[in-house]
Amino acid sequence: MHNKLASKHLPSKPYLKRRAVPVRELNAGHREEILQHLLQLNEEDRRLRFGTQTPDEVIQRYVEHLDFNKDTIFGCFNLNLKLIGMAHLAYLPEIKGQVRAAEFGVSVLPEGRSQGFGTALLQRSAVHSRNTRIETLYVHCLTSNKAMMHLAQKAGMSIEYAHGDADAYLKLPPANPSTIVEEAANEQWADMDYALKQNLKRSNQAWWWFLGRPKLAP
Ligand SMILES: CC(C)(COP(=O)(O)OP(=O)(O)OC[C@H]1O[C@@H](n2cnc3c(N)ncnc32)[C@H](O)[C@@H]1OP(=O)(O)O)[C@@H](O)C(=O)NCCC(=O)NCCS
């Protein structure tokens, strides 16, 4: 099967048709932002993301237990530095004789959808997986989740269906010098993008302090 994400051209292709999306690796200092992001998902989005009804308390516990040393969490920020999309790359326990695998879970707030954030988060997670010796990237989703099914198919994932659930797998080739450079460049670019947005936000706030905050059009 042609595997677009796993090909050596993986890094830049999928989001070329739209604007490029910088993806940052998050750390424990982002826990509150991650919590606020997930709490903004409505009931249906939470069901699609976690596969079951997920009340606020469960989300709180999930965020408290995120282990940033073991797993990798990626995020995309909008101009106001709001965490608009996030992905959790969870490394599955290593089993002797089996390939190393990781599970990908993603959410993008409704206001940010269909702008390439989900694709960029999947793409960054796939490159990071390759660079950390993961051979299979796995996504569990509901077959009714049209957007995620579309993302998975677009990434060239193999999909197995069972009782309304779908397991999508992406077989990843080993890392090579270009995947290492790709990830380092992406990280630097995301840091620079974040710093620029931070400056823009600060300068806007300074102007608003002088002139008053402009009213948004109804
Ligand atoms: C799935 C999700 C992460 C996608 O995020 P996104 O930022 O909108 O993703 P992108 O913009 O990169 O791509 C979405 C693609 O799905 C397509 N799409 C969106 N809704 C669709 C639908 N109902 N049917 C078919 N395709 C759909 C878009 O057109 C786009 O396709 P394109 O890239 O070929 O144009 C987002 O919808 C979400 O957070 N959903 C709730 C949580 C969830 O389902 N998580 C996945 C399970 S872990």
# chains A, B, ... in the order shown; residues from 1 in each chain; ligands from 1
>>> closest_atom_pairs(of="chain A", to="ligand 1", cutoff="9 Å", atoms="only C-alpha atoms and all ligand atoms", output="JSON lines")
{"residue": "A:Pro14", "atom": "CA", "partner": "ligand 1", "partner_atom_place_in_ligand_line": "33 (O)", "distance": 7.8}
{"residue": "A:Tyr15", "atom": "CA", "partner": "ligand 1", "partner_atom_place_in_ligand_line": "12 (O)", "distance": 7.8}
{"residue": "A:Lys17", "atom": "CA", "partner": "ligand 1", "partner_atom_place_in_ligand_line": "33 (O)", "distance": 8.6}
{"residue": "A:Arg18", "atom": "CA", "partner": "ligand 1", "partner_atom_place_in_ligand_line": "33 (O)", "distance": 8.6}
{"residue": "A:Leu41", "atom": "CA", "partner": "ligand 1", "partner_atom_place_in_ligand_line": "41 (C)", "distance": 7.6}
{"residue": "A:Asn42", "atom": "CA", "partner": "ligand 1", "partner_atom_place_in_ligand_line": "41 (C)", "distance": 8.9}
{"residue": "A:Glu44", "atom": "CA", "partner": "ligand 1", "partner_atom_place_in_ligand_line": "41 (C)", "distance": 7.8}
{"residue": "A:Asp45", "atom": "CA", "partner": "ligand 1", "partner_atom_place_in_ligand_line": "41 (C)", "distance": 4.3}
{"residue": "A:Arg46", "atom": "CA", "partner": "ligand 1", "partner_atom_place_in_ligand_line": "42 (C)", "distance": 6.4}
{"residue": "A:Arg47", "atom": "CA", "partner": "ligand 1", "partner_atom_place_in_ligand_line": "42 (C)", "distance": 7.7}
{"residue": "A:Leu48", "atom": "CA", "partner": "ligand 1", "partner_atom_place_in_ligand_line": "44 (O)", "distance": 4.3}
{"residue": "A:Arg49", "atom": "CA", "partner": "ligand 1", "partner_atom_place_in_ligand_line": "45 (N)", "distance": 4.0}
{"residue": "A:Phe50", "atom": "CA", "partner": "ligand 1", "partner_atom_place_in_ligand_line": "48 (S)", "distance": 6.6}
{"residue": "A:Gly51", "atom": "CA", "partner": "ligand 1", "partner_atom_place_in_ligand_line": "47 (C)", "distance": 7.7}
{"residue": "A:Ile84", "atom": "CA", "partner": "ligand 1", "partner_atom_place_in_ligand_line": "7 (O)", "distance": 8.8}
{"residue": "A:Gly85", "atom": "CA", "partner": "ligand 1", "partner_atom_place_in_ligand_line": "7 (O)", "distance": 7.2}
{"residue": "A:Met86", "atom": "CA", "partner": "ligand 1", "partner_atom_place_in_ligand_line": "3 (C)", "distance": 8.5}
{"residue": "A:Ala87", "atom": "CA", "partner": "ligand 1", "partner_atom_place_in_ligand_line": "48 (S)", "distance": 8.3}
{"residue": "A:His88", "atom": "CA", "partner": "ligand 1", "partner_atom_place_in_ligand_line": "48 (S)", "distance": 8.9}
{"residue": "A:Phe104", "atom": "CA", "partner": "ligand 1", "partner_atom_place_in_ligand_line": "48 (S)", "distance": 6.6}
{"residue": "A:Gly105", "atom": "CA", "partner": "ligand 1", "partner_atom_place_in_ligand_line": "48 (S)", "distance": 3.9}
{"residue": "A:Val106", "atom": "CA", "partner": "ligand 1", "partner_atom_place_in_ligand_line": "48 (S)", "distance": 4.6}
{"residue": "A:Ser107", "atom": "CA", "partner": "ligand 1", "partner_atom_place_in_ligand_line": "39 (O)", "distance": 3.3}
{"residue": "A:Val108", "atom": "CA", "partner": "ligand 1", "partner_atom_place_in_ligand_line": "39 (O)", "distance": 3.7}
{"residue": "A:Leu109", "atom": "CA", "partner": "ligand 1", "partner_atom_place_in_ligand_line": "39 (O)", "distance": 5.9}
{"residue": "A:Pro110", "atom": "CA", "partner": "ligand 1", "partner_atom_place_in_ligand_line": "39 (O)", "distance": 7.1}
{"residue": "A:Gly112", "atom": "CA", "partner": "ligand 1", "partner_atom_place_in_ligand_line": "7 (O)", "distance": 6.1}
{"residue": "A:Arg113", "atom": "CA", "partner": "ligand 1", "partner_atom_place_in_ligand_line": "8 (O)", "distance": 3.4}
{"residue": "A:Ser114", "atom": "CA", "partner": "ligand 1", "partner_atom_place_in_ligand_line": "11 (O)", "distance": 3.0}
{"residue": "A:Gln115", "atom": "CA", "partner": "ligand 1", "partner_atom_place_in_ligand_line": "11 (O)", "distance": 4.2}
{"residue": "A:Gly116", "atom": "CA", "partner": "ligand 1", "partner_atom_place_in_ligand_line": "12 (O)", "distance": 3.3}
{"residue": "A:Phe117", "atom": "CA", "partner": "ligand 1", "partner_atom_place_in_ligand_line": "7 (O)", "distance": 3.9}
{"residue": "A:Gly118", "atom": "CA", "partner": "ligand 1", "partner_atom_place_in_ligand_line": "9 (O)", "distance": 3.6}
{"residue": "A:Thr119", "atom": "CA", "partner": "ligand 1", "partner_atom_place_in_ligand_line": "12 (O)", "distance": 3.6}
{"residue": "A:Ala120", "atom": "CA", "partner": "ligand 1", "partner_atom_place_in_ligand_line": "12 (O)", "distance": 6.4}
{"residue": "A:Leu121", "atom": "CA", "partner": "ligand 1", "partner_atom_place_in_ligand_line": "12 (O)", "distance": 8.0}
{"residue": "A:Leu122", "atom": "CA", "partner": "ligand 1", "partner_atom_place_in_ligand_line": "12 (O)", "distance": 8.4}
{"residue": "A:Val139", "atom": "CA", "partner": "ligand 1", "partner_atom_place_in_ligand_line": "48 (S)", "distance": 6.5}
{"residue": "A:His140", "atom": "CA", "partner": "ligand 1", "partner_atom_place_in_ligand_line": "48 (S)", "distance": 6.4}
{"residue": "A:Cys141", "atom": "CA", "partner": "ligand 1", "partner_atom_place_in_ligand_line": "47 (C)", "distance": 5.2}
{"residue": "A:Leu142", "atom": "CA", "partner": "ligand 1", "partner_atom_place_in_ligand_line": "47 (C)", "distance": 7.6}
{"residue": "A:Ser144", "atom": "CA", "partner": "ligand 1", "partner_atom_place_in_ligand_line": "23 (N)", "distance": 8.8}
{"residue": "A:Asn145", "atom": "CA", "partner": "ligand 1", "partner_atom_place_in_ligand_line": "44 (O)", "distance": 6.0}
{"residue": "A:Lys146", "atom": "CA", "partner": "ligand 1", "partner_atom_place_in_ligand_line": "24 (N)", "distance": 4.2}
{"residue": "A:Ala147", "atom": "CA", "partner": "ligand 1", "partner_atom_place_in_ligand_line": "27 (C)", "distance": 3.9}
{"residue": "A:Met148", "atom": "CA", "partner": "ligand 1", "partner_atom_place_in_ligand_line": "1 (C)", "distance": 4.2}
{"residue": "A:Met149", "atom": "CA", "partner": "ligand 1", "partner_atom_place_in_ligand_line": "25 (C)", "distance": 7.6}
{"residue": "A:His150", "atom": "CA", "partner": "ligand 1", "partner_atom_place_in_ligand_line": "26 (N)", "distance": 5.2}
{"residue": "A:Leu151", "atom": "CA", "partner": "ligand 1", "partner_atom_place_in_ligand_line": "15 (C)", "distance": 5.6}
{"residue": "A:Lys154", "atom": "CA", "partner": "ligand 1", "partner_atom_place_in_ligand_line": "34 (O)", "distance": 7.1}
>>> select_by_dssp(residues="chain A", states="strand (DSSP E or B)", output="number ranges by chain")
A: 24-25, 72-77, 83-91, 101-108, 136-142, 158-162, 165-171
>>> select_by_dssp(residues="segment 61-211 of chain A", states="alpha helix (DSSP H)", output="ChimeraX atom specification")
/A:61-64,117-131,146-154,177-211
>>> closest_residue(among="A:Asn131, A:Gln205, A:Asn80, A:Thr136", to="Ser178 of chain A", atoms="only C-alpha atoms")
A:Asn131
>>> residues_around(residues="Lys82 of chain A", least_positions_apart="6", cutoff="12 Å", atoms="only C-alpha atoms", output="MDAnalysis selection string")
chainID A and resid 30 32:37 40 75:76 108:109 111:112 194 197:198 201
>>> atom_distance(atom1="atom CA of Glu183 of chain A", atom2="atom CA of Asn78 of chain A")
20.5 Å
>>> decode(residues="segment 55-122 of chain A", atoms="C-alpha atoms", output="tab-separated table (two decimals), in the first residue's frame")
chain	number	residue	atom	x	y	z
A	55	PRO	CA	-17.13	13.81	32.09
A	56	ASP	CA	-14.99	16.73	33.30
A	57	GLU	CA	-13.61	14.76	36.29
A	58	VAL	CA	-12.27	12.04	33.99
A	59	ILE	CA	-10.60	14.65	31.80
A	60	GLN	CA	-9.08	16.25	34.91
A	61	ARG	CA	-7.66	12.91	36.01
A	62	TYR	CA	-6.39	12.17	32.49
A	63	VAL	CA	-4.53	15.50	32.36
A	64	GLU	CA	-3.14	15.10	35.91
A	65	HIS	CA	-1.72	11.71	34.94
A	66	LEU	CA	-0.14	12.74	31.65
A	67	ASP	CA	3.48	11.62	31.88
A	68	PHE	CA	5.59	13.99	29.82
A	69	ASN	CA	8.73	11.91	30.43
A	70	LYS	CA	7.19	8.77	28.98
A	71	ASP	CA	4.81	10.06	26.29
A	72	THR	CA	4.97	13.00	23.92
A	73	ILE	CA	2.31	15.67	23.69
A	74	PHE	CA	2.15	18.06	20.75
A	75	GLY	CA	0.20	21.28	20.42
A	76	CYS	CA	-0.80	23.94	17.90
A	77	PHE	CA	-1.48	27.50	19.03
A	78	ASN	CA	-3.56	30.20	17.35
A	79	LEU	CA	-2.63	33.90	17.14
A	80	ASN	CA	-3.86	34.47	20.71
A	81	LEU	CA	-1.71	31.56	21.90
A	82	LYS	CA	-4.78	29.49	22.61
A	83	LEU	CA	-4.08	25.76	22.40
A	84	ILE	CA	-6.24	25.03	19.36
A	85	GLY	CA	-5.12	21.46	18.75
A	86	MET	CA	-3.26	18.80	20.68
A	87	ALA	CA	-2.09	15.26	20.15
A	88	HIS	CA	-1.04	12.63	22.66
A	89	LEU	CA	1.50	10.14	21.39
A	90	ALA	CA	1.37	7.35	23.97
A	91	TYR	CA	4.11	4.73	23.81
A	92	LEU	CA	2.63	1.28	24.28
A	93	PRO	CA	4.44	-1.12	26.65
A	94	GLU	CA	7.23	-2.99	24.91
A	95	ILE	CA	6.52	-6.68	24.47
A	96	LYS	CA	9.40	-9.01	23.65
A	97	GLY	CA	9.23	-10.20	20.05
A	98	GLN	CA	6.73	-7.53	19.04
A	99	VAL	CA	7.33	-4.29	17.18
A	100	ARG	CA	7.47	-1.06	19.16
A	101	ALA	CA	4.18	0.79	18.85
A	102	ALA	CA	2.57	4.07	19.92
A	103	GLU	CA	-1.03	5.23	20.01
A	104	PHE	CA	-2.05	8.59	18.60
A	105	GLY	CA	-4.99	10.57	20.03
A	106	VAL	CA	-5.89	14.03	18.75
A	107	SER	CA	-8.35	16.86	19.22
A	108	VAL	CA	-8.83	20.20	17.48
A	109	LEU	CA	-11.29	22.79	18.81
A	110	PRO	CA	-14.26	23.35	16.47
A	111	GLU	CA	-13.10	26.88	15.58
A	112	GLY	CA	-9.81	25.48	14.23
A	113	ARG	CA	-11.10	22.53	12.24
A	114	SER	CA	-10.47	21.88	8.54
A	115	GLN	CA	-7.43	24.16	8.55
A	116	GLY	CA	-4.84	21.41	8.60
A	117	PHE	CA	-4.15	21.23	12.36
A	118	GLY	CA	-5.17	17.56	12.66
A	119	THR	CA	-3.05	16.63	9.65
A	120	ALA	CA	-0.03	18.54	10.95
A	121	LEU	CA	-0.33	16.89	14.40
A	122	LEU	CA	-0.53	13.44	12.81
